[in-house]
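J.: I'd like to ask you about the structure that follows.
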Amino acid sequence: MTASSDILSPAPGALDAERITGKPASLWRTTARRLFQRRSAIVGLAILAGLVFTALFAPFIAPYEPDEVLIGVEDVKRRDPPCIHLLGCPADQPQHLMGIDGNVRDQFSRVVYGSRYSLVIGFVTVGIAILVGTVLGALAGYYGGYSDNGIMRIMDVLLAFPALLLAIAIVAVLGPGLTNALLAIAIVTIPAYARVMRSSVLSVKETDFISASRALGAGTGRILFGSILPNAMTPLIVLGTLEIASAILSAAALSFLGLGAQPPTPEWGSMLGAERNQVFTAPHLVFFPGLAIMLTVLGFNLLGDGLRDALDPRLGRGTKVEVVL
Amino acid sequence: MFSYIARRLIYSVPVLIGILVVVFLLARLIPGDPCTAILGEKATPEACARYNIEHGLDKPIVVQFVIYMSNVVRGDFGNSIRFSRPVTQVLVERLPTTIELSIAALLIAVIIGIPAGVMAAMRHNSTTDVVTMVGANVGVSMPVFWLGLMLAYIFGKLLKDTPLWLPPSGRLSAGLASIPFYEVYGWTAPPGSALLKVLEFFGNFYIFNSIITGDLEVLADASRHLILPALALATIPLAIIARMTRSSLLDVLGREYVRAAKAKGVPHRVVIAKHAFRNALLPVVTIVGLSLGGLLGGAVLTETIFGLSGVGRAVYEAITARDYPIIQAFTLVIAIGYVVLNLVVDVSYTYLDPRVRLE
């Protein structure tokens with residue numbers, strides 16, 4: 001089976017559904033089926049399900065409040081290593097799975113609550129970037145001419161800077177803080193969505209169904225967002241999922257540098273940054289927040305890759321294009 | 001070819017002007033005024049007014065921009081507020097650190113990443129393939145700053161007193177100095193001249209400098225200092241390159257001409273090495289070029305963790321200290337470097353794939 005014949009023939013899942021119900025299978029149902037055929041995507045989904053569960057039930061999972069200082073409450077010292085009863089820590093000592101941080105707080109509770117920030121950071125930044133990028137890309141592609149040139153040249157300039165460096169500069173202008181860091185990361189991500197949306201608009205704006213819509217009296221807004229946008233959804237969703245991963249990484253990096261979330265916010269990057277000079281004496285305070293960031297980013301990356309493959313019509317039925325030989 | 005390069009350079013001009021505008025505006029928009037940053041919080045309004053007139057800060061923003069542009073074109077970036085020295089001098093000292101680090105990281109990424117991708121593609125769906133791709137997925141998700149700190153802990157603390165110990169910070173051990181090649185060879189240039197700056201610039205590449213002066217002790221020490229930061233910085237591009245090489249090679253291996261070569265009886269290794277690899281390299285080159293931008297961004301974090309005085313760390317420190325001339329000059333240099341690298345990547349296509357005609 002070659003790639004070209006794959007494009008022409010519908011996926012067998014779709015054919016089965018058609019045979020049984022008499023209706024063509026929806027794109028999303030087919031995509032979901034293909035997604036669940038990929039082991040890496042399932043691992044990604046499992047990691048993200050764990051993250052969402054942790055974020056939702058943080059008060060029940062965390063044994064302490066994230067800001068609760070344990071001086072005078074328990075017999076613990078600043079930056080105590082993890083104490084896990086199952087691993088030989090004396091039973092009369094209070095259990096702290098990830099140790100005690102520099103302000104005598106339970107590190108595990110802070111890492112658990114940190115999952116909430118990661119999810120918010122990922123979705124908010126990508127949400128803003130998709131919204132603005134899609135509108136800009138749609139306007140550039142649809143109107144062409146000066147507006148296209150103007151918008152896309154600005155996007156080119158934004159792309160000419162390394163993303164993290166530009167984000168640092170923007171945060172410097174707006175002032176340090178989580179909200180401003182989110183805005184900065186959203187701004188540097190906008191060009192990617194604008195480009196995707198613009199190319200989608202260009203590829204369909206001269207097609208017959210758009211001419212038909214126009215002939216029926218549809219306005220620009222309706223044509224752009226009712227007819228053209230659905231055609232660009234697939235690459236936007238894939239890009240969005242993968243960009244959530246890099247947004248979380250960038251936000252953590254900004255917080256690590258002291259430009260994002262500020263103490264005592266239990267944000268993983270900020271927790272890591274606060275204790276970075278103690279890595280030789282209390283490595284657990286650096287290890288666990290970093291591990292949490294890596295797992296979260298890995299989850300989104302695996303899901304994004306899985307979605308890209310599942311939504312790619314050339315890779316129908318989970319058969320890979322390359323399996324030709 | 002030359003007309004293509006010339007045309008691409010002309011097309012780059014609007015982007016470069018855009019970069020200048022963005023850098024100029026960002027530096028002007030950073031809260032706090034330069035007068036108090038330089039003269040201190042207790043500066044009187046009269047002193048500030050005098051300072052603003054001297055530095056043209058009382059003029060309309062458009063005029064300020066024109067003055068700034070004319071200075072930049074002449075290579076005059078002004079004086080650093082924090083260091084009280086010409087910005088070009090600071091650039092000459094710091095840029096080699098970042099370039100050396102980025103080249104080392106890119107070399108690691110390419111030397112490990114491409115063979116790993118080829119191995120994974122050759123043994124598609126085997127354990128090697130799965131392990132490589134799991135490794136690549138983990139690598140691409142790794143926060144650079146976390147990896148850097150963990151590497152510093154493992155090699156700088158846990159492996160202390162073993163032959164595997166590596167220095168966790170700085171460019172050279174205490175007591176060692178890199179003597180610039182022009183001093184070793186007795187070359188001189190007038191103080192403050194452009195030639196001296198060029199000589200100093202190349203002399204600040206410690207590894208290059210120690211090779212041409214034959215100073216093996218400095219070479220060994222500088223290389224040992226470079227390993228950990230370069231490894232930390234290389235991880236993400238390495239993972240991306242491995243993934244891209246694998247998928248690109250798998251794609252090429254599915255083509256008719258590869259099947260024809262195999263049908264002819266050409267051994268599998270030869271098919272890969274001679275027929276498929278070169279065609280698979282094109283997207284990999286793009287990714288390598290794009291990775292360089294990431295490396296420059298990642299350098300901010302790596303240099304901060306490993307105590308390296310490079311461009312990335314300088315920009316970050318300049319932002320917190322409101323050192324406008326440094327912010328403007330360094331950001332500009334990085335952005336221009338990025339634009340030039342993209343051009344180099346585009347031009348390299350013609351060498352790799354004769355089918356690509358640069359129109």
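By order in the structure tokens, chains are A, B, ...; within a chain, residues start at 1; ligands start at 1, following the order shown.
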Fewer than 5 positions away in the same chain doesn't count, so skip those; otherwise give me all residues within 8 Å of stretch 99-111 of chain A, counting only C-alpha atoms, as a ChimeraX atom specification.
T.: /A:61-71,76-83,266-268,275,284-285,288-289,292
J.: Selection from above, N, CA and C atoms, as a PDB file, in the first residue's frame, can you write it?
T.:
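New file again.pdb:
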ATOM      1  N   ILE A  61      -4.850  14.696  48.032  1.00  0.00           N
ATOM      2  CA  ILE A  61      -3.610  13.940  47.856  1.00  0.00           C
ATOM      3  C   ILE A  61      -2.491  14.518  48.725  1.00  0.00           C
ATOM      4  N   ALA A  62      -2.410  15.859  48.770  1.00  0.00           N
ATOM      5  CA  ALA A  62      -1.325  16.499  49.519  1.00  0.00           C
ATOM      6  C   ALA A  62      -1.598  16.407  51.015  1.00  0.00           C
ATOM      7  N   PRO A  63      -0.622  15.941  51.789  1.00  0.00           N
ATOM      8  CA  PRO A  63      -0.851  15.829  53.240  1.00  0.00           C
ATOM      9  C   PRO A  63      -0.843  17.178  53.949  1.00  0.00           C
ATOM     10  N   TYR A  64      -0.244  18.202  53.329  1.00  0.00           N
ATOM     11  CA  TYR A  64      -0.164  19.528  53.955  1.00  0.00           C
ATOM     12  C   TYR A  64      -0.629  20.570  52.956  1.00  0.00           C
ATOM     13  N   GLU A  65      -0.882  21.781  53.476  1.00  0.00           N
ATOM     14  CA  GLU A  65      -1.139  22.911  52.579  1.00  0.00           C
ATOM     15  C   GLU A  65       0.192  23.276  51.905  1.00  0.00           C
ATOM     16  N   PRO A  66       0.164  23.787  50.663  1.00  0.00           N
ATOM     17  CA  PRO A  66       1.440  24.070  49.986  1.00  0.00           C
ATOM     18  C   PRO A  66       2.285  25.137  50.684  1.00  0.00           C
ATOM     19  N   ASP A  67       1.615  26.047  51.424  1.00  0.00           N
ATOM     20  CA  ASP A  67       2.374  27.131  52.069  1.00  0.00           C
ATOM     21  C   ASP A  67       2.563  26.891  53.570  1.00  0.00           C
ATOM     22  N   GLU A  68       2.188  25.695  54.051  1.00  0.00           N
ATOM     23  CA  GLU A  68       2.219  25.434  55.498  1.00  0.00           C
ATOM     24  C   GLU A  68       3.658  25.252  55.983  1.00  0.00           C
ATOM     25  N   VAL A  69       4.101  26.171  56.843  1.00  0.00           N
ATOM     26  CA  VAL A  69       5.454  26.063  57.408  1.00  0.00           C
ATOM     27  C   VAL A  69       5.388  25.133  58.616  1.00  0.00           C
ATOM     28  N   LEU A  70       6.309  24.156  58.667  1.00  0.00           N
ATOM     29  CA  LEU A  70       6.198  23.100  59.675  1.00  0.00           C
ATOM     30  C   LEU A  70       7.046  23.354  60.922  1.00  0.00           C
ATOM     31  N   ILE A  71       7.582  24.589  61.035  1.00  0.00           N
ATOM     32  CA  ILE A  71       8.366  24.900  62.243  1.00  0.00           C
ATOM     33  C   ILE A  71       7.415  24.878  63.441  1.00  0.00           C
ATOM     34  N   VAL A  76      11.020  18.654  62.248  1.00  0.00           N
ATOM     35  CA  VAL A  76      11.749  18.589  60.969  1.00  0.00           C
ATOM     36  C   VAL A  76      12.640  19.819  60.838  1.00  0.00           C
ATOM     37  N   LYS A  77      13.687  19.643  60.032  1.00  0.00           N
ATOM     38  CA  LYS A  77      14.611  20.765  59.801  1.00  0.00           C
ATOM     39  C   LYS A  77      14.530  21.196  58.346  1.00  0.00           C
ATOM     40  N   ARG A  78      15.035  22.381  58.104  1.00  0.00           N
ATOM     41  CA  ARG A  78      15.100  22.920  56.749  1.00  0.00           C
ATOM     42  C   ARG A  78      15.890  21.967  55.832  1.00  0.00           C
ATOM     43  N   ARG A  79      15.343  21.693  54.671  1.00  0.00           N
ATOM     44  CA  ARG A  79      15.952  20.861  53.617  1.00  0.00           C
ATOM     45  C   ARG A  79      16.255  19.433  54.078  1.00  0.00           C
ATOM     46  N   ASP A  80      15.413  18.904  54.980  1.00  0.00           N
ATOM     47  CA  ASP A  80      15.551  17.492  55.373  1.00  0.00           C
ATOM     48  C   ASP A  80      15.328  16.606  54.152  1.00  0.00           C
ATOM     49  N   PRO A  81      16.099  15.506  54.002  1.00  0.00           N
ATOM     50  CA  PRO A  81      15.867  14.607  52.863  1.00  0.00           C
ATOM     51  C   PRO A  81      14.536  13.871  53.010  1.00  0.00           C
ATOM     52  N   PRO A  82      14.078  13.206  51.943  1.00  0.00           N
ATOM     53  CA  PRO A  82      12.810  12.483  52.024  1.00  0.00           C
ATOM     54  C   PRO A  82      12.817  11.449  53.146  1.00  0.00           C
ATOM     55  N   CYS A  83      11.666  11.302  53.785  1.00  0.00           N
ATOM     56  CA  CYS A  83      11.514  10.276  54.823  1.00  0.00           C
ATOM     57  C   CYS A  83      10.324   9.414  54.406  1.00  0.00           C
ATOM     58  N   PRO A 266       3.595  27.685  44.545  1.00  0.00           N
ATOM     59  CA  PRO A 266       4.207  26.360  44.341  1.00  0.00           C
ATOM     60  C   PRO A 266       4.275  25.989  42.858  1.00  0.00           C
ATOM     61  N   GLU A 267       4.959  26.804  42.076  1.00  0.00           N
ATOM     62  CA  GLU A 267       5.126  26.494  40.651  1.00  0.00           C
ATOM     63  C   GLU A 267       6.462  25.770  40.517  1.00  0.00           C
ATOM     64  N   TRP A 268       6.485  24.713  39.695  1.00  0.00           N
ATOM     65  CA  TRP A 268       7.656  23.832  39.675  1.00  0.00           C
ATOM     66  C   TRP A 268       8.944  24.562  39.292  1.00  0.00           C
ATOM     67  N   GLU A 275      15.841  26.750  44.878  1.00  0.00           N
ATOM     68  CA  GLU A 275      16.779  25.839  45.550  1.00  0.00           C
ATOM     69  C   GLU A 275      17.960  25.449  44.675  1.00  0.00           C
ATOM     70  N   HIS A 284      17.311  16.586  46.364  1.00  0.00           N
ATOM     71  CA  HIS A 284      15.894  16.203  46.227  1.00  0.00           C
ATOM     72  C   HIS A 284      15.012  17.411  45.934  1.00  0.00           C
ATOM     73  N   LEU A 285      15.439  18.591  46.378  1.00  0.00           N
ATOM     74  CA  LEU A 285      14.612  19.783  46.175  1.00  0.00           C
ATOM     75  C   LEU A 285      14.651  20.250  44.718  1.00  0.00           C
ATOM     76  N   PHE A 288      12.808  16.538  42.270  1.00  0.00           N
ATOM     77  CA  PHE A 288      11.382  16.232  42.120  1.00  0.00           C
ATOM     78  C   PHE A 288      10.589  17.254  41.291  1.00  0.00           C
ATOM     79  N   PRO A 289      10.767  18.565  41.521  1.00  0.00           N
ATOM     80  CA  PRO A 289      10.026  19.498  40.642  1.00  0.00           C
ATOM     81  C   PRO A 289      10.416  19.338  39.173  1.00  0.00           C
ATOM     82  N   ALA A 292       8.754  16.365  37.704  1.00  0.00           N
ATOM     83  CA  ALA A 292       7.339  16.654  37.445  1.00  0.00           C
ATOM     84  C   ALA A 292       7.189  17.433  36.135  1.00  0.00           C
TER      85      ALA A 292
END
J.: What lies within 6 Å of B:His225 using only C-alpha atoms, ignoring chain neighbours under 3 positions off, as a PyMOL selection string?
T.: chain B and resi 167+171+222
J.: List every residue of stretch 70-295 of chain A that DSSP, applied to the backbone of this structure, assigns to alpha helix (DSSP H), and report them as number ranges by chain.
T.: A: 107-143, 145-159, 163-174, 178-204, 208-215, 220-222, 229-256, 268-274, 284-295
J.: Near chain B, which residues of chain A fall within 7 Å when you count only C-alpha atoms, and what do they look like as a ChimeraX atom specification?
T.: /A:153,156-157,160-165,169,172-173,249,279-280,290,294,297-298,322-325
J.: Put those residues in a file: C-alpha atoms, as an mmCIF file, in the first residue's frame.
T.:
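The resulting file, again34.cif, is shown below:
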data_model
loop_
_atom_site.group_PDB
_atom_site.id
_atom_site.type_symbol
_atom_site.label_atom_id
_atom_site.label_comp_id
_atom_site.auth_asym_id
_atom_site.auth_seq_id
_atom_site.Cartn_x
_atom_site.Cartn_y
_atom_site.Cartn_z
ATOM 1 C CA ARG A 153 6.507 40.515 8.218
ATOM 2 C CA ASP A 156 8.861 37.046 10.644
ATOM 3 C CA VAL A 157 10.455 39.572 12.981
ATOM 4 C CA ALA A 160 13.825 35.998 14.142
ATOM 5 C CA PHE A 161 14.384 35.977 17.900
ATOM 6 C CA PRO A 162 15.077 32.834 19.892
ATOM 7 C CA ALA A 163 11.729 32.290 21.650
ATOM 8 C CA LEU A 164 13.024 32.196 25.214
ATOM 9 C CA LEU A 165 15.136 35.301 24.751
ATOM 10 C CA ALA A 169 12.717 40.628 27.050
ATOM 11 C CA ALA A 172 11.341 42.576 31.426
ATOM 12 C CA VAL A 173 9.041 45.183 29.861
ATOM 13 C CA LEU A 249 8.869 24.344 29.564
ATOM 14 C CA VAL A 279 21.751 21.162 44.481
ATOM 15 C CA PHE A 280 24.909 19.728 46.062
ATOM 16 C CA GLY A 290 12.180 18.917 37.544
ATOM 17 C CA MET A 294 9.603 16.521 32.473
ATOM 18 C CA VAL A 297 5.922 17.862 29.040
ATOM 19 C CA LEU A 298 6.486 14.242 27.981
ATOM 20 C CA GLU A 322 6.994 3.543 5.255
ATOM 21 C CA VAL A 323 5.803 -0.066 5.495
ATOM 22 C CA VAL A 324 6.108 -0.508 1.773
ATOM 23 C CA LEU A 325 9.099 -2.720 1.377
#
J.: Using only C-alpha atoms, which residues sit within 8 Å of stretch 185-193 of chain A once same-chain residues fewer than 5 positions away are excluded, as number ranges by chain?
T.: A: 125-126, 128-130, 132-134, 137, 155-156, 158-159, 163, 166-167, 236, 239, 243, 247, 250-251
J.: My list of candidates is B:Leu106, B:Ile272, B:Ala242, B:Val13. Which is closest to B:Asp129 when distances are computed with only C-alpha atoms?
T.: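 Closest candidate: B:Ala242.
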J.: Given only C-alpha atoms as the basis, pick out the residue of B:Leu57, B:Ala37, B:Val90, B:Ile112 nearest to B:Ala329.
T.: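 For B:Ala329, the nearest of the candidates is B:Val90.
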J.: Which residue is closest to B:Ala104? Choose from B:Tyr324, B:Ile207, B:Leu216, B:Arg246 and count only C-alpha atoms.
T.: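 Using only C-alpha atoms, B:Ala104 sits closest to B:Ile207.
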J.: Can you tell me, as a ChimeraX atom specification, what residues are no more than 8 Å from B:Ala230 when counting only C-alpha atoms, ignoring any on the same chain fewer than 4 positions away?
T.: /B:101-102,104-105,108,226,234
J.: Using only C-alpha atoms, determine which residues lie at most 8 Å from B:Met244, disregarding the query and same-chain residues fewer than 3 positions distant; provide the list as a PyMOL selection string.
T.: chain B and resi 117+240-241+247-248+283-284+287
J.: Got time to write the residues from that selection, N, CA and C atoms, as a short mmCIF file (atom, residue, chain, number, x, y, z; two decimals), in the first residue's frame?
T.:
data_model
loop_
_atom_site.label_atom_id
_atom_site.label_comp_id
_atom_site.auth_asym_id
_atom_site.auth_seq_id
_atom_site.Cartn_x
_atom_site.Cartn_y
_atom_site.Cartn_z
N GLY B 117 19.43 8.06 14.94
CA GLY B 117 18.26 8.05 14.06
C GLY B 117 18.40 7.02 12.95
N ILE B 240 15.68 15.87 18.94
CA ILE B 240 14.93 16.28 17.76
C ILE B 240 15.61 15.76 16.49
N ILE B 241 16.95 15.85 16.45
CA ILE B 241 17.68 15.39 15.26
C ILE B 241 17.52 13.88 15.09
N SER B 247 12.58 9.47 11.02
CA SER B 247 11.36 9.52 10.22
C SER B 247 11.67 9.87 8.77
N SER B 248 12.67 10.73 8.56
CA SER B 248 13.02 11.11 7.20
C SER B 248 13.60 9.91 6.44
N PRO B 283 15.60 17.35 5.40
CA PRO B 283 14.86 17.87 6.56
C PRO B 283 15.72 17.94 7.81
N VAL B 284 16.73 17.05 7.90
CA VAL B 284 17.59 17.06 9.09
C VAL B 284 18.40 18.36 9.13
N ILE B 287 16.30 21.09 10.44
CA ILE B 287 16.14 21.00 11.90
C ILE B 287 17.42 21.45 12.61
#
J.: Identify, on the basis of only C-alpha atoms, every residue whose closest approach to stretch 54-56 of chain B does not exceed 12 Å; exclude the query and any residue fewer than 3 positions from it along the same chain; express the result as JSON, numbers by chain.
T.: {"B": [34, 35, 38, 47, 48, 49, 50, 51, 59, 60, 61, 62, 63, 64, 65, 66, 67, 68, 78, 79, 325]}
J.: Can you pull out every residue within 6 Å of A:Gly177, counting only C-alpha atoms, but drop anything in the same chain fewer than 3 positions away, and send it as a list in words?
T.: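 Within the cut-off, the hits are Asn180, Gly260 and Ala261 of chain A.
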J.: Can you write just those residues out, C-alpha atoms, as a compact mmCIF listing (two decimals), in the first residue's frame?
T.:
# COMPACT_ATOMS: atom_id res chain seq x y z
CA ASN A 180 3.10 38.50 32.41
CA GLY A 260 7.70 34.07 36.13
CA ALA A 261 5.79 32.78 39.14
